[in-house]
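**Student:** So I've got this file, protein26.tsv, and it contains TSV, C-alpha atoms and all ligand atoms:
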```
chain	number	residue	atom	x	y	z
M	1298	MET	CA	127.23	77.41	112.77
M	1299	ARG	CA	130.45	78.91	111.37
M	1300	ILE	CA	131.36	82.26	112.84
M	1301	ASN	CA	130.97	84.19	109.56
M	1302	LYS	CA	127.47	82.80	109.04
M	1303	TYR	CA	126.58	83.46	112.70
M	1304	ILE	CA	127.58	87.11	112.30
M	1305	ALA	CA	125.68	87.33	109.00
M	1306	VAL	CA	122.43	85.91	110.37
M	1307	SER	CA	122.76	88.27	113.32
M	1308	GLY	CA	122.28	91.08	110.80
M	1309	GLU	CA	125.68	92.49	111.65
M	1310	ALA	CA	127.33	92.26	108.24
M	1311	SER	CA	127.55	90.14	105.12
M	1312	ARG	CA	129.52	86.88	105.40
M	1313	ARG	CA	132.46	88.40	103.52
M	1314	LYS	CA	132.51	91.43	105.83
M	1315	ALA	CA	132.25	89.05	108.80
M	1316	ASP	CA	135.49	87.38	107.71
M	1317	GLU	CA	137.12	90.80	107.71
M	1318	LEU	CA	135.78	91.52	111.21
M	1319	VAL	CA	137.33	88.27	112.47
M	1320	ALA	CA	140.65	88.93	110.68
M	1321	GLY	CA	140.68	92.45	112.16
M	1322	GLY	CA	140.40	91.06	115.72
M	1323	ARG	CA	137.00	92.73	116.25
M	1324	VAL	CA	135.19	89.52	117.20
M	1325	LYS	CA	135.33	87.96	120.66
M	1326	VAL	CA	133.96	84.61	121.80
M	1327	ASN	CA	133.44	84.25	125.54
M	1328	GLY	CA	135.53	87.34	126.15
M	1329	LEU	CA	138.56	86.30	124.06
M	1330	VAL	CA	139.52	87.70	120.66
M	1331	LEU	CA	138.74	85.05	118.05
M	1332	ARG	CA	141.76	83.97	116.00
M	1333	GLU	CA	140.15	81.08	114.14
M	1334	ALA	CA	138.33	82.13	110.93
M	1335	GLY	CA	136.47	78.80	110.66
M	1336	TYR	CA	135.28	78.68	114.29
M	1337	ASP	CA	132.01	76.80	114.86
M	1338	VAL	CA	129.82	78.73	117.29
M	1339	ARG	CA	128.30	76.54	120.03
M	1340	GLU	CA	124.94	77.11	121.72
M	1341	CYS	CA	126.64	78.26	124.95
M	1342	ASP	CA	129.03	80.77	123.28
M	1343	VAL	CA	128.72	84.51	123.81
M	1344	VAL	CA	129.79	86.32	120.65
M	1345	GLU	CA	130.73	90.01	120.58
M	1346	VAL	CA	131.48	92.32	117.67
M	1347	ASP	CA	133.22	95.55	118.65
M	1348	GLY	CA	132.24	94.90	122.27
M	1349	ARG	CA	128.52	94.37	121.52
M	1350	ILE	CA	126.91	90.97	122.13
M	1351	ILE	CA	125.21	89.70	118.98
M	1352	GLU	CA	122.58	87.02	118.45
M	1353	PRO	CA	120.91	85.60	115.34
M	1354	VAL	CA	117.90	87.71	114.39
M	1355	THR	CA	114.57	86.05	113.90
M	1356	GLU	CA	112.55	88.58	111.87
M	1357	LYS	CA	114.17	89.31	108.54
M	1358	VAL	CA	113.47	92.58	106.81
M	1359	TYR	CA	113.89	93.29	103.08
M	1360	ILE	CA	113.51	96.86	101.85
M	1361	LEU	CA	113.52	98.23	98.31
M	1362	LEU	CA	114.64	101.87	98.33
M	1363	ASN	CA	114.73	104.35	95.46
M	1364	LYS	CA	118.09	105.90	96.29
M	1365	PRO	CA	118.32	109.56	95.35
M	1366	LEU	CA	121.55	111.12	94.07
M	1367	GLY	CA	123.82	112.47	96.77
M	1368	TYR	CA	123.66	109.58	99.24
M	1369	VAL	CA	126.43	107.11	100.01
M	1370	THR	CA	125.65	103.41	100.38
M	1371	THR	CA	128.09	102.82	103.24
M	1372	SER	CA	126.77	102.75	106.80
M	1373	ASP	CA	128.77	105.82	107.77
M	1374	ASP	CA	130.79	108.26	105.71
M	1375	GLU	CA	134.16	109.73	106.58
M	1376	PHE	CA	133.13	113.03	104.94
M	1377	GLY	CA	129.87	113.22	106.87
M	1378	ARG	CA	127.70	112.84	103.75
M	1379	ASP	CA	124.15	111.54	104.04
M	1380	THR	CA	123.88	107.74	103.92
M	1381	VAL	CA	121.04	105.63	102.58
M	1382	LEU	CA	120.41	104.45	106.14
M	1383	ASP	CA	119.17	107.97	106.95
M	1384	LEU	CA	116.29	107.29	104.53
M	1385	VAL	CA	115.12	104.14	106.35
M	1386	ALA	CA	115.74	105.39	109.89
M	1387	ASP	CA	112.14	104.60	110.89
M	1388	VAL	CA	112.53	100.87	110.12
M	1389	ASP	CA	113.06	98.99	113.37
M	1390	ALA	CA	115.95	96.76	112.24
M	1391	ARG	CA	119.70	97.00	111.80
M	1392	LEU	CA	119.72	97.29	108.03
M	1393	PHE	CA	122.63	97.36	105.64
M	1394	PRO	CA	122.72	97.87	101.88
M	1395	VAL	CA	123.03	94.89	99.54
M	1396	GLY	CA	125.87	95.88	97.24
M	1397	ARG	CA	126.43	99.52	96.38
M	1398	LEU	CA	125.46	102.35	94.13
M	1399	ASP	CA	127.70	105.35	93.45
M	1400	TYR	CA	127.01	108.67	95.16
M	1401	ASN	CA	125.90	109.98	91.75
M	1402	THR	CA	123.72	106.99	90.86
M	1403	SER	CA	120.05	106.80	91.80
M	1404	GLY	CA	117.59	103.93	91.81
M	1405	LEU	CA	116.90	100.49	93.16
M	1406	LEU	CA	118.83	99.56	96.27
M	1407	ILE	CA	117.93	96.66	98.54
M	1408	LEU	CA	118.54	96.92	102.27
M	1409	THR	CA	118.20	94.04	104.69
M	1410	ASN	CA	119.22	92.65	108.07
M	1411	ASP	CA	119.69	89.21	106.48
M	1412	GLY	CA	123.43	88.81	105.94
M	1413	ASP	CA	123.03	85.47	104.22
M	1414	PHE	CA	120.62	86.93	101.64
M	1415	ALA	CA	123.05	89.81	101.04
M	1416	TYR	CA	125.92	87.36	100.64
M	1417	LYS	CA	124.04	85.37	98.00
M	1418	LEU	CA	122.89	88.40	96.03
M	1419	THR	CA	126.33	89.97	95.87
M	1420	HIS	CA	128.48	86.89	95.34
M	1421	PRO	CA	130.14	87.27	91.90
M	1422	LYS	CA	129.57	83.60	91.03
M	1423	HIS	CA	125.80	84.17	90.99
M	1424	GLU	CA	126.02	86.90	88.34
M	1425	LEU	CA	122.66	88.35	89.27
M	1426	PRO	CA	121.56	90.64	86.40
M	1427	LYS	CA	121.27	94.34	87.21
M	1428	THR	CA	119.62	96.77	84.82
M	1429	TYR	CA	120.47	100.46	84.57
M	1430	ARG	CA	118.95	103.29	82.58
M	1431	ALA	CA	121.69	105.67	81.50
M	1432	ARG	CA	121.77	108.96	79.68
M	1433	VAL	CA	125.06	108.97	77.81
M	1434	ALA	CA	126.71	111.79	75.91
M	1435	GLY	CA	126.49	111.70	72.12
M	1436	VAL	CA	124.96	109.21	69.73
M	1437	LEU	CA	125.35	105.56	70.71
M	1438	SER	CA	125.72	103.77	67.37
M	1439	ASP	CA	124.62	100.18	66.65
M	1440	LYS	CA	128.29	99.28	66.35
M	1441	LYS	CA	129.06	100.56	69.84
M	1442	CYS	CA	126.00	98.75	71.22
M	1443	GLY	CA	127.46	95.56	69.72
M	1444	VAL	CA	130.83	96.20	71.39
M	1445	LEU	CA	129.10	96.75	74.76
M	1446	ARG	CA	127.03	93.57	74.30
M	1447	ARG	CA	130.03	91.39	73.46
M	1448	GLY	CA	132.32	92.77	76.19
M	1449	VAL	CA	134.57	95.76	76.55
M	1450	ASP	CA	137.92	96.31	78.28
M	1451	ILE	CA	137.38	98.55	81.30
M	1452	GLY	CA	141.00	98.59	82.42
M	1453	GLY	CA	142.41	95.09	82.82
M	1454	PHE	CA	139.00	93.42	82.79
M	1455	VAL	CA	136.81	92.52	79.83
M	1456	THR	CA	133.14	92.61	80.76
M	1457	SER	CA	130.92	89.61	80.05
M	1458	ARG	CA	127.87	89.64	77.81
M	1459	ALA	CA	125.45	92.48	78.41
M	1460	GLN	CA	122.02	93.40	77.10
M	1461	VAL	CA	121.92	96.87	75.57
M	1462	GLN	CA	118.76	98.57	74.32
M	1463	VAL	CA	118.58	102.15	73.09
M	1464	VAL	CA	115.41	103.70	74.55
M	1465	ARG	CA	115.59	107.03	72.75
M	1466	GLY	CA	118.16	109.00	70.80
M	1467	TYR	CA	118.50	112.78	71.14
M	1468	GLN	CA	120.71	115.17	69.22
M	1469	ARG	CA	123.44	115.24	71.84
M	1470	SER	CA	122.69	112.29	74.07
M	1471	THR	CA	121.18	108.80	74.13
M	1472	LEU	CA	118.89	107.15	76.66
M	1473	VAL	CA	119.86	103.49	76.96
M	1474	ASP	CA	119.08	100.45	79.13
M	1475	ILE	CA	121.93	98.12	79.94
M	1476	THR	CA	121.85	94.85	81.88
M	1477	ILE	CA	125.11	93.57	83.30
M	1478	HIS	CA	125.93	90.40	85.20
M	1479	GLU	CA	128.92	91.61	87.20
M	1480	GLY	CA	129.47	94.33	89.74
M	1481	LYS	CA	132.88	95.87	89.15
M	1482	ASN	CA	133.43	99.28	90.67
M	1483	ARG	CA	131.75	101.97	88.49
M	1484	GLN	CA	131.33	99.33	85.81
M	1485	VAL	CA	128.55	100.95	83.77
M	1486	ARG	CA	130.30	104.33	83.72
M	1487	LYS	CA	133.55	102.64	82.65
M	1488	MET	CA	131.80	100.64	79.92
M	1489	PHE	CA	130.23	103.67	78.27
M	1490	ALA	CA	133.42	105.70	78.71
M	1491	ALA	CA	135.32	102.89	76.95
M	1492	VAL	CA	133.20	103.34	73.81
M	1493	GLY	CA	133.42	107.14	73.96
M	1494	ASN	CA	129.94	107.93	75.34
M	1495	PRO	CA	130.42	109.00	78.97
M	1496	VAL	CA	127.49	108.60	81.36
M	1497	GLN	CA	125.66	111.80	82.28
M	1498	GLU	CA	122.93	110.23	84.44
M	1499	LEU	CA	122.58	106.74	85.85
M	1500	CYS	CA	119.69	105.00	87.57
M	1501	ARG	CA	119.34	101.31	88.48
M	1502	ILE	CA	115.90	100.18	87.40
M	1503	ALA	CA	115.94	96.44	88.17
M	1504	ILE	CA	117.76	93.66	89.98
M	1505	GLY	CA	116.88	90.29	88.49
M	1506	ASP	CA	113.21	90.69	87.59
M	1507	VAL	CA	112.46	92.94	90.58
M	1508	LYS	CA	111.76	96.41	89.24
M	1509	LEU	CA	112.01	99.90	90.68
M	1510	GLY	CA	108.65	100.81	89.11
M	1511	HIS	CA	107.12	104.15	90.06
M	1512	LEU	CA	108.46	104.39	93.60
M	1513	ALA	CA	109.38	108.05	94.24
M	1514	GLU	CA	113.01	108.98	94.94
M	1515	GLY	CA	113.88	108.70	98.62
M	1516	HIS	CA	110.89	106.40	99.25
M	1517	TYR	CA	110.97	102.72	100.10
M	1518	ARG	CA	108.72	99.70	100.36
M	1519	LYS	CA	109.09	96.15	101.68
M	1520	LEU	CA	109.99	93.47	99.15
M	1521	THR	CA	107.21	90.90	98.88
M	1522	ALA	CA	107.93	87.31	99.91
M	1523	ASP	CA	107.63	86.37	96.25
M	1524	GLU	CA	110.24	88.98	95.23
M	1525	VAL	CA	112.64	87.67	97.89
M	1526	ARG	CA	112.07	84.13	96.63
M	1527	ARG	CA	112.61	85.18	92.99
M	1528	LEU	CA	115.85	87.00	93.82
M	1529	LEU	CA	117.21	83.95	95.62
M	1530	ALA	CA	116.11	81.73	92.74
M	1531	ALA	CA	117.89	84.02	90.26
M	1532	CYS	CA	121.09	83.57	92.27
M	1533	SER	CA	121.20	79.91	91.37
M	1534	GLY	CA	121.49	80.73	87.63
M	1535	ALA	CA	125.00	80.31	86.17
M	1536	GLY	CA	126.57	82.25	83.32
M	1537	GLN	CA	129.86	83.33	81.78
M	1538	SER	CA	132.06	85.78	83.61
M	1539	GLY	CA	134.30	88.52	82.32
M	1540	ARG	CA	137.87	87.77	81.27
M	1541	ARG	CA	141.03	89.20	82.68
M	1542	ARG	CA	143.38	90.75	80.13
S	1	LIG	N1	127.85	101.04	87.61
S	1	LIG	C1	128.29	102.30	87.87
S	1	LIG	O1	129.11	102.82	87.12
S	1	LIG	N2	127.81	102.92	88.95
S	1	LIG	C2	126.92	102.39	89.80
S	1	LIG	O2	126.52	103.03	90.78
S	1	LIG	C3	126.47	101.10	89.53
S	1	LIG	C4	126.95	100.44	88.43
```
Translate this structure into structure tokens?

**Tutor:**
Amino acid sequence: MRINKYIAVSGEASRRKADELVAGGRVKVNGLVLREAGYDVRECDVVEVDGRIIEPVTEKVYILLNKPLGYVTTSDDEFGRDTVLDLVADVDARLFPVGRLDYNTSGLLILTNDGDFAYKLTHPKHELPKTYRARVAGVLSDKKCGVLRRGVDIGGFVTSRAQVQVVRGYQRSTLVDITIHEGKNRQVRKMFAAVGNPVQELCRIAIGDVKLGHLAEGHYRKLTADEVRRLLAACSGAGQSGRRR
């Protein structure tokens, strides 16, 4: 098994992160720093990451968390802020978040110890749809909804098709659901800012057809086997991607 996959199925990190660990000289095989990114791990090899021996995990854990505002999705934070891992501390597995949500975004976040699953869900080529409910400032006109649906320039990148559905209009704000197929940094905030309706509140309500539902903020549940299967199946769908300007 290739070293990046070995690290991923050990629950240590996603495959992409595993490549970074190797490039950063943090991986040893049989006591020697590994220099070969494509190394094939043999049965007899002892693999270490940061001095800790790792082995492929057998029981895979998939958690759906309703992330509250004010938590970071990294494993540790340089400013000492609370991390989402603090909310699942009683789960007996080395979990990591699948993708990220901003500090000021709440909602559906998946955590797992299955690096391969995380790799598939976050790979840009799979374009897994993610749905957000946003409160945006001002009135979001039909014309602006059309612009958002067709694609909008968010600074050197034109977003691909999106689904946009106004849920309710207020005098000074609009509640709107948006489904995107990419995961650029702060993409939803940038999209609404680009049409002049900055985001005031943002919550992710679905990934693929797996929904947040009525799970209370800060609470979590296990994904069902069927939800895991559906998410993986959704990863095999192809679509158009955004265009570079
Ligand atoms: N888009 C954003 O702007 N923020 C998030 O947290 C997720 C998507």

**Student:** Using all atoms listed in the file, find each protein or nucleic acid residue lying at most 6 Å from ligand LIG 1 (chain S); present the set as a count of residues only.

**Tutor:** 7

**Student:** Pull the closest atom pair for each residue of segment 1413-1512 of chain M that gets at most 9 Å from segment 1359-1381 of chain M, along with the distance in Å to one decimal, counting only C-alpha atoms, ordering rows by chain and then ascending residue number, as a Markdown table.

**Tutor:**
```
| residue | atom | partner | partner_atom | distance |
| --- | --- | --- | --- | --- |
| M:Cys1500 | CA | M:Lys1364 | CA | 8.9 |
| M:Arg1501 | CA | M:Asn1363 | CA | 8.9 |
| M:Leu1509 | CA | M:Asn1363 | CA | 7.1 |
| M:Leu1512 | CA | M:Asn1363 | CA | 6.5 |
```

**Student:** Which neighbours of Val1461 of chain M fall inside 7 Å, counting all atoms listed in the file, when residues of the same chain fewer than 3 positions from it are skipped, and could you give them as a ChimeraX atom specification?

**Tutor:** /M:1442,1446,1474-1476

**Student:** With C-alpha atoms kept, could you save the residues just selected as a short mmCIF file (atom, residue, chain, number, x, y, z; two decimals), keeping the file's coordinate frame?

**Tutor:**
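Wrote it out as again-v8.cif, contents follow:
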```cif
data_model
loop_
_atom_site.label_atom_id
_atom_site.label_comp_id
_atom_site.auth_asym_id
_atom_site.auth_seq_id
_atom_site.Cartn_x
_atom_site.Cartn_y
_atom_site.Cartn_z
CA CYS M 1442 126.00 98.75 71.22
CA ARG M 1446 127.03 93.57 74.30
CA ASP M 1474 119.08 100.45 79.13
CA ILE M 1475 121.93 98.12 79.94
CA THR M 1476 121.85 94.85 81.88
#
```

**Student:** For a test of reading the model, state the distance in Å between atom CA of Gly1435 of chain M and atom CA of Val1464 of chain M, rounded to one decimal.

**Tutor:**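 Atom-to-atom, atom CA of Gly1435 of chain M and atom CA of Val1464 of chain M are spaced 13.9 Å apart.
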
**Student:** Counting all atoms listed in the file, figure out which residue out of M:Ala1320, M:Arg1518, M:Tyr1467, M:Asn1301 gets nearest to Leu1384 of chain M.

**Tutor:**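 Going through M:Ala1320, M:Arg1518, M:Tyr1467, M:Asn1301 one by one, the smallest distance to Leu1384 of chain M is for M:Arg1518.
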
**Student:** Hey, which of M:Val1449, M:Cys1341, M:Ala1434, M:Leu1405 ends up closest to Glu1498 of chain M? Count all atoms listed in the file.

**Tutor:**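 So, comparing all the options, the nearest one is M:Ala1434.
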
**Student:** Emit as AutoDock Vina command-line options the padded axis-aligned box for all listed atoms of segment 1487-1490 of chain M, 5 Å per side, with centre and edge lengths in Å to one decimal.

**Tutor:**
```
--center_x 131.9 --center_y 103.2 --center_z 80.5 --size_x 13.3 --size_y 15.1 --size_z 14.4
```

**Student:** Report, in Å to a single decimal, how far apart atom CA of Tyr1517 of chain M and atom CA of Val1385 of chain M are.

**Tutor:**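 So the answer is 7.6 Å.
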
**Student:** Would you work out the distance separating atom CA of Tyr1400 of chain M from atom CA of Leu1445 of chain M, expressed in Å to one decimal?

**Tutor:**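 Computing it gives 23.7 Å between the two atoms.
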
**Student:** Using only C-alpha atoms and a cutoff of 12 Å, can you tell me which residues are near (125.5, 107.2, 67.1) in the file's coordinates, and write them out as a list in words?

**Tutor:**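 Nearby residues: Val1433, Ala1434, Gly1435, Val1436, Leu1437, Ser1438, Asp1439, Lys1440, Lys1441, Cys1442, Val1463, Arg1465, Gly1466, Tyr1467, Gln1468, Arg1469, Ser1470, Thr1471, Leu1472, Val1473, Val1492, Gly1493 and Asn1494 of chain M.
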
**Student:** Given the choices M:Ile1407, M:Leu1499, M:Ile1300, M:Ile1350, which gets closest to Arg1313 of chain M if the distance is worked out from only C-alpha atoms?

**Tutor:**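 Comparing M:Ile1407, M:Leu1499, M:Ile1300, M:Ile1350 against Arg1313 of chain M, the winner is M:Ile1300.
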
**Student:** I'd like to know which of M:Glu1356, M:Arg1391, M:Asn1482, M:Asp1316 is closest to Gly1335 of chain M, using all atoms listed in the file.

**Tutor:** M:Asp1316

**Student:** Show which residues sit within 10 Å of Gly1328 of chain M, as a compact mmCIF listing (two decimals) with C-alpha atoms, keeping the file's coordinate frame. Count only C-alpha atoms, and ignore same-chain residues fewer than 2 positions away.

**Tutor:**
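part.txt, written as the output of this step:
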```txt
# COMPACT_ATOMS: atom_id res chain seq x y z
CA VAL M 1324 135.19 89.52 117.20
CA LYS M 1325 135.33 87.96 120.66
CA VAL M 1326 133.96 84.61 121.80
CA VAL M 1330 139.52 87.70 120.66
CA LEU M 1331 138.74 85.05 118.05
CA ASP M 1342 129.03 80.77 123.28
CA VAL M 1343 128.72 84.51 123.81
CA VAL M 1344 129.79 86.32 120.65
CA GLU M 1345 130.73 90.01 120.58
CA GLY M 1348 132.24 94.90 122.27
```

**Student:** Could you write segment 1388-1399 of chain M as a PDB file, keeping the file's coordinate frame, with all heavy atoms rebuilt where they are missing?

**Tutor:**
```
ATOM      1  N   VAL M1388     112.707 102.335 110.129  1.00  0.00           N
ATOM      2  CA  VAL M1388     112.530 100.870 110.120  1.00  0.00           C
ATOM      3  C   VAL M1388     113.247 100.306 111.345  1.00  0.00           C
ATOM      4  O   VAL M1388     114.417 100.609 111.578  1.00  0.00           O
ATOM      5  CB  VAL M1388     113.117 100.243 108.833  1.00  0.00           C
ATOM      6  CG1 VAL M1388     112.952  98.730 108.848  1.00  0.00           C
ATOM      7  CG2 VAL M1388     112.476 100.844 107.598  1.00  0.00           C
ATOM      8  N   ASP M1389     112.520  99.487 112.109  1.00  0.00           N
ATOM      9  CA  ASP M1389     113.060  98.990 113.370  1.00  0.00           C
ATOM     10  C   ASP M1389     113.894  97.718 113.134  1.00  0.00           C
ATOM     11  O   ASP M1389     113.475  96.613 113.466  1.00  0.00           O
ATOM     12  CB  ASP M1389     111.887  98.727 114.324  1.00  0.00           C
ATOM     13  CG  ASP M1389     112.383  98.372 115.717  1.00  0.00           C
ATOM     14  OD1 ASP M1389     113.549  98.705 116.016  1.00  0.00           O
ATOM     15  OD2 ASP M1389     111.618  97.749 116.467  1.00  0.00           O
ATOM     16  N   ALA M1390     115.038  97.885 112.487  1.00  0.00           N
ATOM     17  CA  ALA M1390     115.950  96.760 112.240  1.00  0.00           C
ATOM     18  C   ALA M1390     117.315  97.331 111.887  1.00  0.00           C
ATOM     19  O   ALA M1390     117.391  98.456 111.394  1.00  0.00           O
ATOM     20  CB  ALA M1390     115.426  95.903 111.084  1.00  0.00           C
ATOM     21  N   ARG M1391     118.355  96.545 112.149  1.00  0.00           N
ATOM     22  CA  ARG M1391     119.700  97.000 111.800  1.00  0.00           C
ATOM     23  C   ARG M1391     119.971  96.652 110.347  1.00  0.00           C
ATOM     24  O   ARG M1391     120.449  95.569 110.027  1.00  0.00           O
ATOM     25  CB  ARG M1391     120.736  96.328 112.702  1.00  0.00           C
ATOM     26  CG  ARG M1391     120.860  96.984 114.065  1.00  0.00           C
ATOM     27  CD  ARG M1391     121.756  96.174 114.956  1.00  0.00           C
ATOM     28  NE  ARG M1391     123.092  95.995 114.368  1.00  0.00           N
ATOM     29  CZ  ARG M1391     124.070  96.876 114.457  1.00  0.00           C
ATOM     30  NH1 ARG M1391     123.876  98.009 115.085  1.00  0.00           N
ATOM     31  NH2 ARG M1391     125.247  96.640 113.925  1.00  0.00           N
ATOM     32  N   LEU M1392     119.630  97.582 109.467  1.00  0.00           N
ATOM     33  CA  LEU M1392     119.720  97.290 108.030  1.00  0.00           C
ATOM     34  C   LEU M1392     121.106  97.614 107.486  1.00  0.00           C
ATOM     35  O   LEU M1392     121.805  98.474 108.015  1.00  0.00           O
ATOM     36  CB  LEU M1392     118.702  98.138 107.266  1.00  0.00           C
ATOM     37  CG  LEU M1392     117.236  97.906 107.599  1.00  0.00           C
ATOM     38  CD1 LEU M1392     116.367  98.897 106.837  1.00  0.00           C
ATOM     39  CD2 LEU M1392     116.822  96.480 107.262  1.00  0.00           C
ATOM     40  N   PHE M1393     121.463  96.927 106.396  1.00  0.00           N
ATOM     41  CA  PHE M1393     122.630  97.360 105.640  1.00  0.00           C
ATOM     42  C   PHE M1393     122.331  97.166 104.152  1.00  0.00           C
ATOM     43  O   PHE M1393     121.489  96.336 103.779  1.00  0.00           O
ATOM     44  CB  PHE M1393     123.913  96.630 106.066  1.00  0.00           C
ATOM     45  CG  PHE M1393     123.784  95.141 106.127  1.00  0.00           C
ATOM     46  CD1 PHE M1393     123.953  94.361 105.003  1.00  0.00           C
ATOM     47  CD2 PHE M1393     123.460  94.521 107.315  1.00  0.00           C
ATOM     48  CE1 PHE M1393     123.820  92.992 105.057  1.00  0.00           C
ATOM     49  CE2 PHE M1393     123.329  93.146 107.386  1.00  0.00           C
ATOM     50  CZ  PHE M1393     123.505  92.384 106.249  1.00  0.00           C
ATOM     51  N   PRO M1394     123.005  97.957 103.308  1.00  0.00           N
ATOM     52  CA  PRO M1394     122.720  97.870 101.880  1.00  0.00           C
ATOM     53  C   PRO M1394     123.283  96.592 101.255  1.00  0.00           C
ATOM     54  O   PRO M1394     124.356  96.141 101.652  1.00  0.00           O
ATOM     55  CB  PRO M1394     123.450  99.089 101.291  1.00  0.00           C
ATOM     56  CG  PRO M1394     124.041  99.836 102.424  1.00  0.00           C
ATOM     57  CD  PRO M1394     123.990  98.990 103.643  1.00  0.00           C
ATOM     58  N   VAL M1395     122.562  96.056 100.292  1.00  0.00           N
ATOM     59  CA  VAL M1395     123.030  94.890  99.540  1.00  0.00           C
ATOM     60  C   VAL M1395     123.774  95.409  98.317  1.00  0.00           C
ATOM     61  O   VAL M1395     123.156  95.923  97.385  1.00  0.00           O
ATOM     62  CB  VAL M1395     121.835  94.005  99.107  1.00  0.00           C
ATOM     63  CG1 VAL M1395     122.314  92.809  98.286  1.00  0.00           C
ATOM     64  CG2 VAL M1395     121.052  93.535 100.332  1.00  0.00           C
ATOM     65  N   GLY M1396     125.072  95.322  98.336  1.00  0.00           N
ATOM     66  CA  GLY M1396     125.870  95.880  97.240  1.00  0.00           C
ATOM     67  C   GLY M1396     125.880  97.401  97.356  1.00  0.00           C
ATOM     68  O   GLY M1396     125.505  97.977  98.384  1.00  0.00           O
ATOM     69  N   ARG M1397     126.319  98.063  96.281  1.00  0.00           N
ATOM     70  CA  ARG M1397     126.430  99.520  96.380  1.00  0.00           C
ATOM     71  C   ARG M1397     126.016 100.213  95.098  1.00  0.00           C
ATOM     72  O   ARG M1397     125.962  99.602  94.037  1.00  0.00           O
ATOM     73  CB  ARG M1397     127.859  99.906  96.775  1.00  0.00           C
ATOM     74  CG  ARG M1397     128.958  99.309  95.915  1.00  0.00           C
ATOM     75  CD  ARG M1397     130.323  99.603  96.503  1.00  0.00           C
ATOM     76  NE  ARG M1397     130.544 101.033  96.634  1.00  0.00           N
ATOM     77  CZ  ARG M1397     130.885 101.837  95.645  1.00  0.00           C
ATOM     78  NH1 ARG M1397     131.038 101.361  94.429  1.00  0.00           N
ATOM     79  NH2 ARG M1397     131.073 103.118  95.852  1.00  0.00           N
ATOM     80  N   LEU M1398     125.677 101.466  95.270  1.00  0.00           N
ATOM     81  CA  LEU M1398     125.460 102.350  94.130  1.00  0.00           C
ATOM     82  C   LEU M1398     126.330 103.581  94.374  1.00  0.00           C
ATOM     83  O   LEU M1398     126.479 104.019  95.522  1.00  0.00           O
ATOM     84  CB  LEU M1398     123.990 102.794  94.039  1.00  0.00           C
ATOM     85  CG  LEU M1398     122.973 101.790  93.515  1.00  0.00           C
ATOM     86  CD1 LEU M1398     121.563 102.399  93.560  1.00  0.00           C
ATOM     87  CD2 LEU M1398     123.295 101.336  92.096  1.00  0.00           C
ATOM     88  N   ASP M1399     126.873 104.155  93.296  1.00  0.00           N
ATOM     89  CA  ASP M1399     127.700 105.350  93.450  1.00  0.00           C
ATOM     90  C   ASP M1399     126.886 106.504  94.046  1.00  0.00           C
ATOM     91  O   ASP M1399     125.660 106.564  93.887  1.00  0.00           O
ATOM     92  CB  ASP M1399     128.222 105.845  92.084  1.00  0.00           C
ATOM     93  CG  ASP M1399     129.118 104.826  91.414  1.00  0.00           C
ATOM     94  OD1 ASP M1399     129.687 103.980  92.128  1.00  0.00           O
ATOM     95  OD2 ASP M1399     129.231 104.889  90.180  1.00  0.00           O
TER      96      ASP M1399
END
```
